[in-house]
$ cat my_file-v8.cif   # mmCIF, N, CA and C atoms
data_model
loop_
_atom_site.label_atom_id
_atom_site.label_comp_id
_atom_site.auth_asym_id
_atom_site.auth_seq_id
_atom_site.Cartn_x
_atom_site.Cartn_y
_atom_site.Cartn_z
N MET A 791 -7.97 41.48 -33.32
CA MET A 791 -8.97 42.04 -34.18
C MET A 791 -8.48 42.11 -35.63
N CYS A 792 -7.21 42.33 -35.82
CA CYS A 792 -6.64 42.38 -37.17
C CYS A 792 -6.95 41.11 -37.94
N SER A 793 -6.87 39.98 -37.26
CA SER A 793 -7.11 38.71 -37.92
C SER A 793 -8.56 38.61 -38.43
N LYS A 794 -9.51 39.12 -37.66
CA LYS A 794 -10.92 39.01 -38.05
C LYS A 794 -11.29 39.96 -39.19
N ARG A 795 -10.72 41.14 -39.20
CA ARG A 795 -11.13 42.14 -40.19
C ARG A 795 -10.34 42.10 -41.49
N SER A 796 -9.11 41.66 -41.44
CA SER A 796 -8.32 41.69 -42.67
C SER A 796 -7.69 40.36 -43.04
N TRP A 797 -7.09 39.68 -42.06
CA TRP A 797 -6.35 38.47 -42.38
C TRP A 797 -7.27 37.33 -42.83
N ARG A 798 -8.29 37.04 -42.07
CA ARG A 798 -9.19 35.93 -42.43
C ARG A 798 -9.92 36.20 -43.75
N PRO A 799 -10.45 37.40 -43.98
CA PRO A 799 -11.06 37.65 -45.30
C PRO A 799 -10.07 37.48 -46.46
N THR A 800 -8.82 37.86 -46.21
CA THR A 800 -7.80 37.70 -47.25
C THR A 800 -7.54 36.22 -47.52
N LEU A 801 -7.44 35.42 -46.45
CA LEU A 801 -7.25 33.98 -46.63
C LEU A 801 -8.44 33.36 -47.35
N ALA A 802 -9.65 33.82 -47.03
CA ALA A 802 -10.84 33.30 -47.71
C ALA A 802 -10.82 33.66 -49.19
N ALA A 803 -10.45 34.89 -49.51
CA ALA A 803 -10.38 35.32 -50.91
C ALA A 803 -9.34 34.50 -51.68
N ALA A 804 -8.29 34.08 -50.99
CA ALA A 804 -7.25 33.28 -51.64
C ALA A 804 -7.59 31.79 -51.67
N GLY A 805 -8.71 31.42 -51.02
CA GLY A 805 -9.13 30.02 -51.02
C GLY A 805 -8.44 29.18 -49.97
N VAL A 806 -7.78 29.81 -49.00
CA VAL A 806 -7.07 29.05 -47.98
C VAL A 806 -8.01 28.59 -46.87
N VAL A 807 -8.94 29.46 -46.46
CA VAL A 807 -9.96 29.09 -45.48
C VAL A 807 -11.33 29.36 -46.10
N LYS A 808 -12.36 28.79 -45.49
CA LYS A 808 -13.71 28.95 -46.02
C LYS A 808 -14.59 29.73 -45.06
N LYS A 809 -15.51 30.46 -45.64
CA LYS A 809 -16.53 31.12 -44.85
C LYS A 809 -17.52 30.04 -44.45
N VAL A 810 -17.85 29.95 -43.13
CA VAL A 810 -18.73 28.89 -42.66
C VAL A 810 -20.06 29.42 -42.14
N GLY A 811 -20.25 30.72 -42.18
CA GLY A 811 -21.50 31.28 -41.71
C GLY A 811 -21.41 32.76 -41.46
N GLU A 812 -22.40 33.28 -40.73
CA GLU A 812 -22.43 34.69 -40.38
C GLU A 812 -22.92 34.83 -38.95
N LYS A 813 -22.58 35.95 -38.34
CA LYS A 813 -23.11 36.22 -37.01
C LYS A 813 -23.53 37.68 -36.94
N ALA A 814 -24.48 37.95 -36.07
CA ALA A 814 -25.00 39.30 -35.91
C ALA A 814 -24.04 40.12 -35.08
N ALA A 815 -24.02 41.42 -35.37
CA ALA A 815 -23.18 42.33 -34.60
C ALA A 815 -23.71 42.47 -33.19
N HIS A 816 -22.84 42.81 -32.26
CA HIS A 816 -23.25 43.04 -30.87
C HIS A 816 -24.11 44.30 -30.79
N GLY A 817 -24.99 44.35 -29.83
CA GLY A 817 -25.80 45.54 -29.61
C GLY A 817 -27.09 45.57 -30.40
N GLY A 818 -27.49 44.47 -30.98
CA GLY A 818 -28.77 44.40 -31.67
C GLY A 818 -28.79 45.06 -33.04
N ARG A 819 -27.65 45.37 -33.60
CA ARG A 819 -27.63 45.96 -34.95
C ARG A 819 -28.03 44.91 -35.98
N SER A 820 -28.44 45.40 -37.14
CA SER A 820 -28.86 44.47 -38.19
C SER A 820 -27.69 44.00 -39.04
N ARG A 821 -26.51 44.53 -38.80
CA ARG A 821 -25.33 44.15 -39.58
C ARG A 821 -24.85 42.76 -39.18
N ARG A 822 -24.39 42.02 -40.17
CA ARG A 822 -23.90 40.66 -39.93
C ARG A 822 -22.46 40.57 -40.40
N TYR A 823 -21.70 39.73 -39.72
CA TYR A 823 -20.29 39.55 -40.04
C TYR A 823 -20.03 38.10 -40.44
N PRO A 824 -19.11 37.87 -41.38
CA PRO A 824 -18.80 36.49 -41.77
C PRO A 824 -18.05 35.76 -40.66
N VAL A 825 -18.24 34.47 -40.61
CA VAL A 825 -17.51 33.59 -39.70
C VAL A 825 -16.72 32.63 -40.58
N TYR A 826 -15.43 32.51 -40.29
CA TYR A 826 -14.55 31.65 -41.08
C TYR A 826 -14.13 30.44 -40.27
N GLU A 827 -13.82 29.38 -40.98
CA GLU A 827 -13.30 28.20 -40.29
C GLU A 827 -11.99 28.56 -39.61
N LEU A 828 -11.73 27.89 -38.52
CA LEU A 828 -10.49 28.14 -37.78
C LEU A 828 -9.46 27.11 -38.19
N SER A 829 -8.31 27.59 -38.54
CA SER A 829 -7.21 26.72 -38.92
C SER A 829 -5.93 27.40 -38.46
N ARG A 830 -5.44 27.02 -37.30
CA ARG A 830 -4.29 27.71 -36.70
C ARG A 830 -3.09 27.78 -37.63
N GLU A 831 -2.84 26.71 -38.38
CA GLU A 831 -1.66 26.72 -39.23
C GLU A 831 -1.75 27.73 -40.37
N ASP A 832 -2.92 28.24 -40.64
CA ASP A 832 -3.08 29.22 -41.71
C ASP A 832 -3.28 30.64 -41.20
N MET A 833 -3.21 30.85 -39.91
CA MET A 833 -3.52 32.15 -39.35
C MET A 833 -2.28 33.03 -39.16
N PHE A 834 -2.54 34.21 -38.68
CA PHE A 834 -1.51 35.24 -38.52
C PHE A 834 -0.32 34.76 -37.70
N HIS A 835 -0.55 33.91 -36.73
CA HIS A 835 0.52 33.43 -35.86
C HIS A 835 1.64 32.76 -36.67
N VAL A 836 1.28 32.08 -37.73
CA VAL A 836 2.29 31.41 -38.55
C VAL A 836 3.21 32.43 -39.23
N LEU A 837 2.66 33.54 -39.67
CA LEU A 837 3.51 34.58 -40.26
C LEU A 837 4.50 35.11 -39.24
N ARG A 838 4.02 35.32 -38.03
CA ARG A 838 4.88 35.81 -36.95
C ARG A 838 6.00 34.82 -36.66
N HIS A 839 5.66 33.54 -36.59
CA HIS A 839 6.65 32.49 -36.33
C HIS A 839 7.65 32.40 -37.49
N THR A 840 7.16 32.49 -38.70
CA THR A 840 8.04 32.44 -39.87
C THR A 840 9.01 33.61 -39.87
N TYR A 841 8.49 34.80 -39.57
CA TYR A 841 9.34 35.99 -39.51
C TYR A 841 10.46 35.80 -38.48
N ALA A 842 10.10 35.38 -37.26
CA ALA A 842 11.08 35.22 -36.20
C ALA A 842 12.13 34.17 -36.57
N SER A 843 11.69 33.03 -37.06
CA SER A 843 12.64 31.96 -37.38
C SER A 843 13.56 32.36 -38.53
N THR A 844 13.03 33.08 -39.51
CA THR A 844 13.85 33.52 -40.64
C THR A 844 14.91 34.52 -40.18
N GLN A 845 14.52 35.44 -39.32
CA GLN A 845 15.47 36.43 -38.79
C GLN A 845 16.60 35.74 -38.01
N LEU A 846 16.25 34.79 -37.18
CA LEU A 846 17.26 34.10 -36.37
C LEU A 846 18.17 33.22 -37.22
N GLU A 847 17.61 32.55 -38.21
CA GLU A 847 18.43 31.73 -39.10
C GLU A 847 19.41 32.60 -39.89
N ALA A 848 19.04 33.85 -40.13
CA ALA A 848 19.91 34.77 -40.87
C ALA A 848 20.97 35.39 -39.97
N GLY A 849 20.91 35.11 -38.67
CA GLY A 849 21.94 35.60 -37.77
C GLY A 849 21.56 36.84 -36.98
N GLU A 850 20.32 37.27 -37.06
CA GLU A 850 19.89 38.44 -36.27
C GLU A 850 19.97 38.09 -34.79
N SER A 851 20.20 39.09 -33.95
CA SER A 851 20.37 38.82 -32.53
C SER A 851 19.04 38.46 -31.87
N ILE A 852 19.13 37.58 -30.89
CA ILE A 852 17.94 37.15 -30.15
C ILE A 852 17.30 38.34 -29.43
N VAL A 853 18.12 39.29 -28.99
CA VAL A 853 17.60 40.46 -28.29
C VAL A 853 16.76 41.32 -29.24
N SER A 854 17.24 41.53 -30.45
CA SER A 854 16.47 42.31 -31.42
C SER A 854 15.16 41.64 -31.77
N VAL A 855 15.21 40.35 -32.08
CA VAL A 855 13.99 39.62 -32.45
C VAL A 855 13.00 39.63 -31.29
N SER A 856 13.49 39.46 -30.08
CA SER A 856 12.62 39.49 -28.91
C SER A 856 11.90 40.83 -28.80
N GLU A 857 12.64 41.91 -29.01
CA GLU A 857 12.03 43.24 -28.95
C GLU A 857 10.99 43.43 -30.05
N TRP A 858 11.32 42.99 -31.26
CA TRP A 858 10.40 43.15 -32.39
C TRP A 858 9.11 42.36 -32.18
N LEU A 859 9.22 41.20 -31.53
CA LEU A 859 8.04 40.37 -31.30
C LEU A 859 7.23 40.84 -30.09
N GLY A 860 7.82 41.73 -29.29
CA GLY A 860 7.13 42.22 -28.11
C GLY A 860 7.16 41.24 -26.95
N HIS A 861 8.15 40.35 -26.93
CA HIS A 861 8.26 39.40 -25.83
C HIS A 861 8.73 40.12 -24.56
N ALA A 862 8.36 39.59 -23.41
CA ALA A 862 8.72 40.19 -22.13
C ALA A 862 10.24 40.18 -21.91
N SER A 863 10.91 39.17 -22.45
CA SER A 863 12.36 39.08 -22.31
C SER A 863 12.92 38.21 -23.44
N PRO A 864 14.23 38.32 -23.70
CA PRO A 864 14.85 37.45 -24.70
C PRO A 864 14.73 35.97 -24.33
N GLN A 865 14.59 35.66 -23.03
CA GLN A 865 14.43 34.26 -22.61
C GLN A 865 13.19 33.64 -23.22
N THR A 866 12.11 34.41 -23.31
CA THR A 866 10.87 33.92 -23.93
C THR A 866 11.14 33.55 -25.38
N THR A 867 11.86 34.40 -26.08
CA THR A 867 12.19 34.16 -27.49
C THR A 867 13.08 32.93 -27.62
N LEU A 868 14.09 32.82 -26.76
CA LEU A 868 14.97 31.65 -26.79
C LEU A 868 14.20 30.36 -26.56
N THR A 869 13.25 30.38 -25.64
CA THR A 869 12.48 29.18 -25.34
C THR A 869 11.74 28.66 -26.58
N HIS A 870 11.22 29.58 -27.38
CA HIS A 870 10.43 29.18 -28.55
C HIS A 870 11.24 29.02 -29.83
N TYR A 871 12.37 29.73 -29.95
CA TYR A 871 13.05 29.80 -31.25
C TYR A 871 14.52 29.39 -31.24
N ALA A 872 15.08 28.94 -30.14
CA ALA A 872 16.51 28.62 -30.09
C ALA A 872 16.92 27.60 -31.15
N HIS A 873 16.04 26.68 -31.49
CA HIS A 873 16.38 25.65 -32.48
C HIS A 873 16.55 26.24 -33.88
N PHE A 874 16.20 27.52 -34.08
CA PHE A 874 16.41 28.15 -35.38
C PHE A 874 17.74 28.89 -35.45
N MET A 875 18.61 28.67 -34.49
CA MET A 875 19.89 29.36 -34.45
C MET A 875 21.04 28.35 -34.58
N PRO A 876 21.06 27.55 -35.64
CA PRO A 876 22.05 26.48 -35.72
C PRO A 876 23.49 26.97 -35.85
N GLY A 877 23.70 28.13 -36.42
CA GLY A 877 25.07 28.60 -36.63
C GLY A 877 25.58 29.51 -35.54
N ALA A 878 24.82 29.72 -34.49
CA ALA A 878 25.21 30.69 -33.46
C ALA A 878 26.57 30.34 -32.85
N GLY A 879 26.77 29.12 -32.43
CA GLY A 879 28.04 28.73 -31.84
C GLY A 879 29.17 28.72 -32.85
N LYS A 880 28.87 28.36 -34.07
CA LYS A 880 29.88 28.32 -35.12
C LYS A 880 30.41 29.72 -35.45
N ARG A 881 29.53 30.72 -35.40
CA ARG A 881 29.97 32.09 -35.67
C ARG A 881 30.97 32.55 -34.60
N GLY A 882 30.70 32.22 -33.36
CA GLY A 882 31.60 32.59 -32.27
C GLY A 882 32.95 31.90 -32.40
N LEU A 883 32.93 30.62 -32.73
CA LEU A 883 34.19 29.89 -32.93
C LEU A 883 34.98 30.46 -34.10
N ALA A 884 34.29 30.78 -35.17
CA ALA A 884 34.98 31.35 -36.34
C ALA A 884 35.60 32.71 -36.00
N ALA A 885 34.92 33.50 -35.20
CA ALA A 885 35.46 34.81 -34.81
C ALA A 885 36.74 34.63 -34.00
N MET A 886 36.75 33.66 -33.08
CA MET A 886 37.95 33.42 -32.27
C MET A 886 39.08 32.86 -33.13
N ASP A 887 38.76 31.94 -34.05
CA ASP A 887 39.78 31.40 -34.94
C ASP A 887 40.42 32.51 -35.76
N GLU A 888 39.62 33.41 -36.27
CA GLU A 888 40.14 34.53 -37.05
C GLU A 888 41.02 35.43 -36.19
N TRP A 889 40.60 35.66 -34.97
CA TRP A 889 41.38 36.51 -34.08
C TRP A 889 42.74 35.89 -33.79
N PHE A 890 42.78 34.55 -33.54
CA PHE A 890 44.04 33.88 -33.25
C PHE A 890 44.94 33.79 -34.48
N ASP A 891 44.37 33.78 -35.68
CA ASP A 891 45.15 33.69 -36.90
C ASP A 891 45.79 35.00 -37.33
N GLN A 892 45.44 36.09 -36.70
CA GLN A 892 45.99 37.39 -37.07
C GLN A 892 47.46 37.47 -36.65
N ASP A 893 48.24 38.31 -37.38
CA ASP A 893 49.61 38.58 -36.96
C ASP A 893 49.56 39.32 -35.64
N PRO A 894 50.38 38.91 -34.70
CA PRO A 894 50.35 39.60 -33.41
C PRO A 894 50.80 41.05 -33.56
N GLN A 895 50.02 41.93 -33.11
CA GLN A 895 50.32 43.36 -33.13
C GLN A 895 50.21 43.86 -31.71
N PRO A 896 51.24 44.46 -31.20
CA PRO A 896 51.11 44.99 -29.85
C PRO A 896 50.03 46.07 -29.81
N ASN A 897 49.23 46.01 -28.80
CA ASN A 897 48.14 46.96 -28.66
C ASN A 897 48.42 47.89 -27.47
N VAL A 898 49.67 48.36 -27.44
CA VAL A 898 50.06 49.27 -26.37
C VAL A 898 50.80 50.45 -26.98
N PRO A 899 50.82 51.58 -26.32
CA PRO A 899 51.56 52.74 -26.85
C PRO A 899 53.03 52.41 -27.00
N GLU A 900 53.66 52.95 -28.05
CA GLU A 900 55.07 52.67 -28.31
C GLU A 900 55.97 53.06 -27.16
N ASP A 901 55.67 54.15 -26.50
CA ASP A 901 56.56 54.61 -25.43
C ASP A 901 56.55 53.66 -24.22
N SER A 902 55.59 52.76 -24.15
CA SER A 902 55.57 51.81 -23.03
C SER A 902 56.33 50.53 -23.36
N LEU A 903 56.84 50.41 -24.59
CA LEU A 903 57.57 49.20 -24.99
C LEU A 903 59.07 49.30 -24.71
N GLY A 904 59.52 50.42 -24.19
CA GLY A 904 60.93 50.57 -23.88
C GLY A 904 61.76 50.99 -25.08
N ALA A 905 61.13 51.35 -26.18
CA ALA A 905 61.88 51.80 -27.36
C ALA A 905 62.40 53.21 -27.11
N PRO A 906 63.61 53.50 -27.66
CA PRO A 906 64.13 54.86 -27.47
C PRO A 906 63.19 55.87 -28.14
N GLN A 907 63.02 56.97 -27.48
CA GLN A 907 62.14 58.00 -28.00
C GLN A 907 62.95 59.08 -28.68
N THR A 908 62.45 59.54 -29.77
CA THR A 908 63.08 60.68 -30.45
C THR A 908 62.14 61.85 -30.33
N GLN A 909 62.71 62.95 -29.89
CA GLN A 909 61.89 64.13 -29.74
C GLN A 909 62.50 65.25 -30.55
N ASN A 910 61.68 65.98 -31.22
CA ASN A 910 62.12 67.15 -31.96
C ASN A 910 62.06 68.34 -31.04
N ARG A 911 63.21 68.93 -30.80
CA ARG A 911 63.24 70.12 -29.97
C ARG A 911 63.66 71.28 -30.82
N ALA A 912 62.91 72.30 -30.77
CA ALA A 912 63.23 73.46 -31.60
C ALA A 912 63.88 74.53 -30.80
#
$ encode --input "my_file-v8.cif" --output "structure tokens"
Amino acid sequence: MCSKRSWRPTLAAAGVVKKVGEKAAHGGRSRRYPVYELSREDMFHVLRHTYASTQLEAGESIVSVSEWLGHASPQTTLTHYAHFMPGAGKRGLAAMDEWFDQDPQPNVPEDSLGAPQTQNRA
């Protein structure tokens, strides 16, 4: 309904689509509504697709975009938009490269390394 009441009139005002006629309201009222030409590439769906593809190209998670679009699952989003994620694998590789390039730091408590312990006894 949003497309009929706001989006299409806005496109018509901008000269993107044309008004092609009018139709009577349901229920026998005397009010008439404009009818606009249909052009899928100019409709609301394109904005939705542009939003999703821009978010994914910027590195947003597929799970977040799926939720924002109201898809039943992230798989639905992947099916339609995976080709907009060209850097996804590269980001993962870069993260691992950075991790391997770090100076090795033991990630265990000092007392488990066998080092002599010094204790202050009062």
$ residues_around --input "my_file-v8.cif" --residues "stretch 847-861 of chain A" --least-positions-apart "6" --cutoff "6 Å" --atoms "all atoms listed in the file" --output "number ranges by chain"
A: 867, 874-875
$ select_by_dssp --input "my_file-v8.cif" --residues "stretch 813-858 of chain A" --states "strand (DSSP E)" --output "list in words"
Lys813, Ala814, Arg822, Tyr823, Pro824, Val825 and Tyr826 of chain A
$ atom_distance --input "my_file-v8.cif" --atom1 "atom CA of A:Lys808" --atom2 "atom CA of A:Pro824"
10.0 Å
$ atom_distance --input "my_file-v8.cif" --atom1 "atom CA of A:Leu801" --atom2 "atom CA of A:Tyr823"
15.6 Å
$ atom_distance --input "my_file-v8.cif" --atom1 "atom N of A:Leu846" --atom2 "atom C of A:Ala802"
29.6 Å
$ axis_aligned_box --input "my_file-v8.cif" --around "stretch 882-891 of chain A" --padding-each-side "4 Å" --output "lines of an AutoDock Vina configuration file"
center_x = 38.2
center_y = 33.2
center_z = -34.8
size_x = 23.1
size_y = 14.6
size_z = 13.1
$ residues_around --input "my_file-v8.cif" --residues "A:Glu812" --least-positions-apart "2" --cutoff "8 Å" --atoms "all atoms listed in the file" --output "list in words"
Lys809, Val810, Ala814, Ala815, Arg822, Tyr823, Pro824, Val825 and Tyr826 of chain A
